[in-house]
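Printed here is target_34.cif (mmCIF, C-alpha atoms):
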data_protein
loop_
_atom_site.label_atom_id
_atom_site.label_comp_id
_atom_site.auth_asym_id
_atom_site.auth_seq_id
_atom_site.Cartn_x
_atom_site.Cartn_y
_atom_site.Cartn_z
CA MET A 21 -16.79 -27.80 39.31
CA PHE A 22 -14.92 -30.90 38.37
CA LEU A 23 -17.27 -31.51 35.50
CA SER A 24 -15.89 -28.53 33.66
CA LYS A 25 -12.61 -30.37 33.57
CA PHE A 26 -13.67 -32.20 30.45
CA ASN A 27 -15.17 -30.62 27.41
CA LEU A 28 -18.72 -31.72 27.11
CA ILE A 29 -20.25 -31.87 23.68
CA ARG A 30 -23.99 -32.08 23.41
CA SER A 31 -25.01 -33.24 19.99
CA CYS A 32 -27.57 -30.41 19.61
CA SER A 33 -25.83 -27.42 21.14
CA PRO A 34 -22.12 -27.65 21.67
CA ILE A 35 -21.02 -26.39 25.04
CA PHE A 36 -17.33 -25.94 25.40
CA ARG A 37 -16.21 -25.36 28.89
CA SER A 38 -12.47 -25.34 28.72
CA THR A 39 -10.39 -24.90 31.78
CA THR A 40 -6.70 -24.95 32.30
CA LEU A 41 -5.80 -28.45 33.27
CA LEU A 42 -3.17 -29.68 35.58
CA ARG A 43 -1.07 -32.08 33.59
CA HIS A 44 0.08 -34.99 35.64
CA GLN A 45 2.66 -36.89 33.70
CA THR A 46 2.42 -39.93 35.92
CA ARG A 47 0.11 -42.60 34.63
CA MET A 48 0.62 -45.05 37.44
CA PHE A 49 -2.84 -44.82 38.91
CA LEU A 50 -5.98 -42.83 38.53
CA SER A 51 -5.97 -39.77 40.77
CA THR A 52 -8.98 -39.08 42.93
CA GLU A 53 -9.53 -35.88 41.01
CA ILE A 54 -9.65 -37.57 37.61
CA ARG A 55 -11.80 -40.39 38.94
CA LYS A 56 -14.25 -37.81 40.31
CA ALA A 57 -14.26 -35.88 37.03
CA ILE A 58 -15.00 -39.07 35.09
CA GLN A 59 -17.76 -40.04 37.52
CA ASP A 60 -19.30 -36.56 37.12
CA ALA A 61 -19.10 -36.90 33.35
CA ILE A 62 -20.84 -40.28 33.48
CA GLU A 63 -23.59 -38.77 35.61
CA SER A 64 -24.01 -35.74 33.36
CA ALA A 65 -26.65 -37.39 31.14
CA PRO A 66 -28.62 -40.66 30.87
CA VAL A 67 -26.59 -41.61 27.80
CA VAL A 68 -22.90 -40.73 27.83
CA LEU A 69 -20.36 -41.58 25.15
CA PHE A 70 -16.62 -41.19 25.45
CA MET A 71 -15.41 -40.96 21.88
CA LYS A 72 -12.68 -39.78 19.55
CA GLY A 73 -13.79 -36.55 17.92
CA THR A 74 -17.29 -35.07 18.19
CA PRO A 75 -20.69 -36.48 17.16
CA GLU A 76 -20.59 -34.13 14.17
CA PHE A 77 -17.00 -34.95 13.30
CA PRO A 78 -15.96 -38.35 14.66
CA LYS A 79 -12.24 -38.97 14.29
CA CYS A 80 -12.28 -42.76 14.35
CA GLY A 81 -14.28 -45.37 12.48
CA PHE A 82 -15.47 -47.07 15.68
CA SER A 83 -16.65 -43.78 17.20
CA ARG A 84 -18.39 -42.92 13.94
CA ALA A 85 -20.16 -46.28 13.84
CA THR A 86 -21.29 -45.94 17.46
CA ILE A 87 -22.69 -42.43 16.93
CA GLY A 88 -24.52 -43.77 13.88
CA LEU A 89 -26.06 -46.60 15.91
CA LEU A 90 -27.21 -44.27 18.70
CA GLY A 91 -28.70 -41.94 16.08
CA ASN A 92 -30.55 -44.82 14.42
CA GLN A 93 -31.98 -45.90 17.74
CA GLY A 94 -33.42 -42.41 18.18
CA VAL A 95 -31.49 -41.27 21.23
CA ASP A 96 -32.84 -37.92 22.43
CA PRO A 97 -30.06 -35.30 22.01
CA VAL A 98 -31.19 -33.69 25.27
CA LYS A 99 -30.40 -36.93 27.08
CA PHE A 100 -27.09 -37.47 25.41
CA ALA A 101 -23.61 -36.20 26.20
CA ALA A 102 -20.39 -36.93 24.35
CA TYR A 103 -16.86 -36.37 25.56
CA ASN A 104 -13.98 -36.08 23.14
CA VAL A 105 -11.05 -37.99 24.60
CA LEU A 106 -8.69 -36.56 22.00
CA GLU A 107 -8.97 -33.19 23.70
CA ASP A 108 -7.77 -34.52 27.02
CA PRO A 109 -4.97 -37.07 27.41
CA GLU A 110 -5.92 -37.59 31.07
CA LEU A 111 -9.46 -38.49 30.12
CA ARG A 112 -8.25 -40.71 27.29
CA GLU A 113 -6.11 -42.83 29.58
CA GLY A 114 -8.25 -42.36 32.68
CA ILE A 115 -11.47 -43.68 31.18
CA LYS A 116 -9.74 -46.91 30.11
CA GLU A 117 -8.61 -47.55 33.64
CA PHE A 118 -11.89 -46.41 35.16
CA SER A 119 -14.02 -48.88 33.26
CA GLU A 120 -11.29 -51.47 32.84
CA TRP A 121 -11.91 -51.40 29.14
CA PRO A 122 -8.97 -50.93 26.77
CA THR A 123 -10.59 -49.14 23.85
CA ILE A 124 -12.63 -46.08 22.89
CA PRO A 125 -15.54 -45.43 22.28
CA GLN A 126 -17.18 -46.36 25.57
CA LEU A 127 -20.90 -46.09 26.20
CA PHE A 128 -22.57 -45.52 29.55
CA VAL A 129 -26.32 -45.68 30.09
CA ASN A 130 -27.65 -44.56 33.45
CA LYS A 131 -24.13 -44.56 34.88
CA GLU A 132 -23.61 -48.20 33.89
CA PHE A 133 -20.85 -49.18 31.51
CA VAL A 134 -22.44 -50.84 28.48
CA GLY A 135 -19.45 -51.56 26.27
CA GLY A 136 -17.47 -50.54 23.23
CA CYS A 137 -18.29 -50.54 19.54
CA ASP A 138 -18.49 -54.33 19.08
CA VAL A 139 -20.73 -54.84 22.09
CA ILE A 140 -23.01 -51.97 21.04
CA THR A 141 -23.17 -53.17 17.43
CA SER A 142 -24.17 -56.64 18.50
CA MET A 143 -26.72 -55.27 21.00
CA ALA A 144 -28.21 -53.05 18.31
CA ARG A 145 -28.64 -56.06 16.04
CA SER A 146 -30.30 -58.19 18.72
CA GLY A 147 -32.60 -55.41 19.89
CA GLU A 148 -31.03 -55.28 23.36
CA LEU A 149 -29.79 -51.74 22.80
CA ALA A 150 -33.27 -50.49 21.95
CA ASP A 151 -34.64 -52.11 25.11
CA LEU A 152 -31.88 -50.65 27.24
CA LEU A 153 -32.38 -47.12 25.87
CA GLU A 154 -36.14 -47.42 26.13
CA GLU A 155 -35.88 -48.48 29.76
CA ALA A 156 -33.57 -45.55 30.44
CA HIS A 157 -36.17 -43.21 28.84
CA ALA A 158 -33.40 -41.97 26.59
CA LEU A 159 -35.26 -42.06 23.29
CA VAL A 160 -37.02 -39.19 21.53
CA PRO A 161 -40.71 -39.36 22.60
CA GLU A 162 -42.86 -40.78 19.80
CA GLU A 163 -45.29 -37.82 19.64
CA GLN A 164 -42.45 -35.39 19.22
CA GLU A 165 -40.90 -37.60 16.58
CA ALA A 166 -44.15 -37.52 14.60
CA LYS A 167 -44.27 -33.75 14.86
CA ASP A 168 -40.69 -33.40 13.71
CA ASN A 169 -41.33 -35.50 10.63
CA MET B 24 8.16 -56.26 18.99
CA SER B 25 5.02 -55.83 16.98
CA VAL B 26 1.90 -57.81 17.64
CA THR B 27 1.20 -60.74 15.32
CA GLU B 28 -1.85 -62.85 14.49
CA GLN B 29 -0.08 -65.92 15.82
CA GLY B 30 0.87 -64.18 19.08
CA LEU B 31 -2.70 -63.08 19.75
CA ARG B 32 -4.07 -66.50 18.87
CA GLU B 33 -1.73 -68.22 21.33
CA ARG B 34 -2.62 -65.77 24.11
CA ILE B 35 -6.33 -66.34 23.66
CA GLU B 36 -6.00 -70.12 23.36
CA SER B 37 -4.11 -70.32 26.63
CA ALA B 38 -6.46 -67.96 28.51
CA ILE B 39 -9.92 -69.01 27.32
CA PRO B 40 -10.89 -72.60 28.09
CA GLY B 41 -12.48 -74.86 25.49
CA VAL B 42 -11.73 -72.74 22.46
CA TYR B 43 -13.51 -74.26 19.46
CA HIS B 44 -12.42 -71.73 16.89
CA ILE B 45 -10.38 -68.52 16.65
CA ILE B 46 -10.08 -66.16 13.73
CA VAL B 47 -7.45 -63.47 14.08
CA THR B 48 -7.18 -61.08 11.18
CA ASP B 49 -4.47 -58.45 10.92
CA LEU B 50 -6.13 -55.51 9.20
CA SER B 51 -2.99 -53.38 9.30
CA TYR B 52 -1.12 -55.12 6.47
CA GLY B 53 1.47 -56.41 8.89
CA CYS B 54 2.33 -53.36 10.98
CA GLY B 55 0.46 -54.87 13.93
CA GLN B 56 -1.82 -51.91 14.64
CA SER B 57 -5.28 -53.19 13.80
CA PHE B 58 -6.83 -56.59 14.45
CA ASP B 59 -10.17 -58.24 14.05
CA ILE B 60 -10.78 -61.23 16.30
CA VAL B 61 -13.51 -63.85 16.50
CA VAL B 62 -13.46 -66.35 19.37
CA VAL B 63 -15.81 -69.34 19.61
CA SER B 64 -15.99 -71.19 22.91
CA ASN B 65 -18.63 -72.63 25.19
CA PHE B 66 -16.79 -70.80 27.96
CA PHE B 67 -18.98 -67.86 26.88
CA LEU B 68 -22.20 -69.74 27.73
CA GLY B 69 -24.27 -67.72 30.19
CA LYS B 70 -21.94 -64.72 29.93
CA ASN B 71 -23.15 -61.46 28.44
CA LYS B 72 -21.28 -59.63 25.70
CA LEU B 73 -19.47 -57.40 28.13
CA MET B 74 -18.18 -60.31 30.22
CA ARG B 75 -17.12 -62.17 27.09
CA SER B 76 -15.16 -59.25 25.71
CA ARG B 77 -13.59 -58.58 29.08
CA ALA B 78 -12.25 -62.15 29.18
CA VAL B 79 -10.60 -61.72 25.79
CA ASN B 80 -9.35 -58.21 26.60
CA LYS B 81 -7.73 -59.61 29.70
CA ALA B 82 -6.01 -62.36 27.70
CA VAL B 83 -4.44 -59.90 25.28
CA GLU B 84 -3.95 -57.09 27.81
CA GLU B 85 -0.25 -56.60 27.04
CA GLU B 86 -0.69 -56.67 23.27
CA LEU B 87 -3.58 -54.19 23.46
CA GLN B 88 -1.24 -51.49 24.74
CA GLN B 89 0.45 -51.54 21.35
CA ILE B 90 -2.59 -51.94 19.13
CA HIS B 91 -4.50 -48.97 17.80
CA ALA B 92 -7.69 -50.68 16.66
CA PHE B 93 -9.12 -53.89 18.02
CA SER B 94 -12.41 -55.55 17.27
CA CYS B 95 -13.56 -58.68 19.09
CA LYS B 96 -16.59 -60.87 18.65
CA CYS B 97 -17.30 -63.77 20.98
CA TYR B 98 -19.69 -66.64 20.28
CA THR B 99 -20.67 -69.93 21.86
CA GLU B 100 -20.50 -73.00 19.60
CA ASP B 101 -24.26 -72.93 19.20
CA GLU B 102 -24.35 -69.23 18.26
CA TRP B 103 -21.47 -69.80 15.84
CA SER B 104 -23.23 -72.71 14.12
CA LYS B 105 -26.08 -70.36 13.30
CA ILE B 106 -23.74 -67.80 11.78
CA VAL B 107 -21.67 -70.19 9.72
CA VAL B 108 -23.84 -72.56 7.76
#

Here is a file; write its structure as structure tokens.
Amino acid sequence: MFLSKFNLIRSCSPIFRSTTLLRHQTRMFLSTEIRKAIQDAIESAPVVLFMKGTPEFPKCGFSRATIGLLGNQGVDPVKFAAYNVLEDPELREGIKEFSEWPTIPQLFVNKEFVGGCDVITSMARSGELADLLEEAHALVPEEQEAKDN
Amino acid sequence: MSVTEQGLRERIESAIPGVYHIIVTDLSYGCGQSFDIVVVSNFFLGKNKLMRSRAVNKAVEEELQQIHAFSCKCYTEDEWSKIVV
């Protein structure tokens, strides 16, 4: 499984599936293997965030802010997956090339690249983020939310 | 060579047409590691936030390799006039 290449962190129950990685020192282009692993990661949940650190312990202000925004929107933990790029240099560089976006965090909803922290912040303010997550059925169902409270 | 406010400003001005206003703020106290950028141009009309940011990212592609933190907000002149009264 290529997916196991990257450590997947679910915000509710952490699953760590570490494997020994081949370390390619060349950074000239994205290998087919890394591209496939990233694609699998993007498809692993409706809402996928590539971040620095974990949802519980973000290691960058932008990643922290993004996690906060997703939490405020009420993203269902079951439908959310986070990948810590600090644990994998290949992922850290690979994801930038993959989405042609120079910074981390990076948010994907239904396999589509949404943007980084600034884009997400501005979408949260305008209500676009709520609409997007709603459409993707990625929010905690309202009944369940009422029960939880 | 470290990245400077002036260097970033020039890059953006030459890459984005019809720039009305640019604010480049070095948040790293001069070490060139963290920048906050605001770009106002009608070039962004009809472009979503992703496309806008991509245009700026492209303009400062080389500099970005050296920067640790980078924040970029893009507005049209109309959007900007509503923010700054």

Checklist entry - What are the residues of chain A that have an atom within 7 Å of an atom of chain B, counting all atoms listed in the file, as a VMD selection string? => result chain A and resid 135 138 to 139

Item to check | Selected residue, from A:Glu63, A:Arg112, A:Gly91, A:Asn130, that lies nearest to Glu155 (chain A) when counting all atoms listed in the file | outcome: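 Distance minimum relative to Glu155 (chain A) lands on A:Asn130.
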
Checklist entry - Expanded to explicit residues, what is the PyMOL selection byres ((chain A and resi 77-88) around 10) for this file, as JSON, numbers by chain? => result {"A": [31, 69, 70, 71, 72, 73, 74, 75, 76, 89, 90, 91, 92, 93, 94, 95, 102, 104, 106, 123, 124, 125, 126, 127, 136, 137, 138, 140, 141, 144], "B": [92, 93, 94]}

Item to check | Expected answer as a PyMOL selection string: all residues with atoms within 12 Å of (-6.1, -65.1, 16.3), all atoms listed in the file | outcome: chain B and resi 26-37+42+44-50+58-63+79+82-83+93-96

Checklist entry - Can you tell me how far CA of Ala65 (chain A) sits from CA of Val129 (chain A), in Å to one decimal? => result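 Pair CA of Ala65 (chain A) / CA of Val129 (chain A) returns 8.4 Å.
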
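Minimum distance to Ser51 (chain B) across B:Ser25, B:Tyr98, B:Ser104, B:Glu86 (counting all atoms listed in the file) occurs at B:Ser25.
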
Next on the checklist: Counting only C-alpha atoms, which residues sit no farther than 12 Å from the position (-34.6, -47.5, 29.3) in the file's frame? I'd like them as an NGL selection string.
Outcome noted: :A and (66-67 or 93 or 95-96 or 99 or 129-130 or 132 or 148-160)

Checklist entry - For Gly69 (chain B), which residue out of B:Thr99, B:Ala38, B:Val107, B:Gly53 is the nearest one, using all atoms listed in the file? => result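 When distances to Gly69 (chain B) are compared using all atoms listed in the file, the smallest one comes from B:Thr99.
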
Checklist entry - Which one of B:Ala78, B:Gln89, B:Glu100, B:Ile106 sits closest to Glu120 (chain A) if you count all atoms listed in the file? => result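 Ranking B:Ala78, B:Gln89, B:Glu100, B:Ile106 by distance to Glu120 (chain A), first place goes to B:Ala78.
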
Item to check | One-decimal distance in Å that lies between CA of Phe66 (chain B) and CA of Val108 (chain B) | outcome: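 It comes out at 21.5 Å.
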
Next on the checklist: Can you pull out the residues contacting Pro40 (chain B)? Cut-off 10 Å, using all atoms listed in the file, and skip same-chain residues under 6 positions away; I want them as a list in words.
Outcome noted: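 Once the adjacent positions are removed, what remains is Ser64, Asn65, Phe66 and Phe67 of chain B.
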
Item to check | Interatomic distance, CA of Glu163 (chain A) to CA of Ser142 (chain A) (Å, one decimal) | outcome: 28.3 Å

Could you add whatever atoms are missing so that region 39-53 of chain B carries N, CA and C atoms, then write the result as a CSV table (one decimal), keeping the file's coordinate frame?
chain,number,residue,atom,x,y,z
B,39,ILE,N,-8.5,-68.7,27.4
B,39,ILE,CA,-9.9,-69.0,27.3
B,39,ILE,C,-10.0,-70.5,27.2
B,40,PRO,N,-10.8,-71.1,28.1
B,40,PRO,CA,-10.9,-72.6,28.1
B,40,PRO,C,-11.8,-73.1,27.0
B,41,GLY,N,-11.6,-74.2,26.5
B,41,GLY,CA,-12.5,-74.9,25.5
B,41,GLY,C,-12.7,-74.1,24.2
B,42,VAL,N,-11.6,-73.5,23.7
B,42,VAL,CA,-11.7,-72.7,22.5
B,42,VAL,C,-12.0,-73.7,21.3
B,43,TYR,N,-13.1,-73.4,20.6
B,43,TYR,CA,-13.5,-74.3,19.5
B,43,TYR,C,-12.9,-73.7,18.2
B,44,HIS,N,-12.9,-72.4,18.1
B,44,HIS,CA,-12.4,-71.7,16.9
B,44,HIS,C,-11.9,-70.3,17.2
B,45,ILE,N,-10.9,-69.9,16.5
B,45,ILE,CA,-10.4,-68.5,16.6
B,45,ILE,C,-10.1,-68.0,15.3
B,46,ILE,N,-10.5,-66.8,15.0
B,46,ILE,CA,-10.1,-66.2,13.7
B,46,ILE,C,-9.4,-64.8,14.1
B,47,VAL,N,-8.1,-64.7,13.8
B,47,VAL,CA,-7.4,-63.5,14.1
B,47,VAL,C,-7.0,-62.9,12.7
B,48,THR,N,-7.5,-61.7,12.5
B,48,THR,CA,-7.2,-61.1,11.2
B,48,THR,C,-6.4,-59.8,11.4
B,49,ASP,N,-5.2,-59.7,10.8
B,49,ASP,CA,-4.5,-58.4,10.9
B,49,ASP,C,-5.0,-57.5,9.8
B,50,LEU,N,-5.6,-56.4,10.2
B,50,LEU,CA,-6.1,-55.5,9.2
B,50,LEU,C,-5.1,-54.4,8.9
B,51,SER,N,-3.9,-54.5,9.4
B,51,SER,CA,-3.0,-53.4,9.3
B,51,SER,C,-1.9,-53.7,8.3
B,52,TYR,N,-2.1,-54.7,7.5
B,52,TYR,CA,-1.1,-55.1,6.5
B,52,TYR,C,0.2,-55.4,7.1
B,53,GLY,N,0.2,-56.0,8.3
B,53,GLY,CA,1.5,-56.4,8.9
B,53,GLY,C,2.1,-55.5,9.9
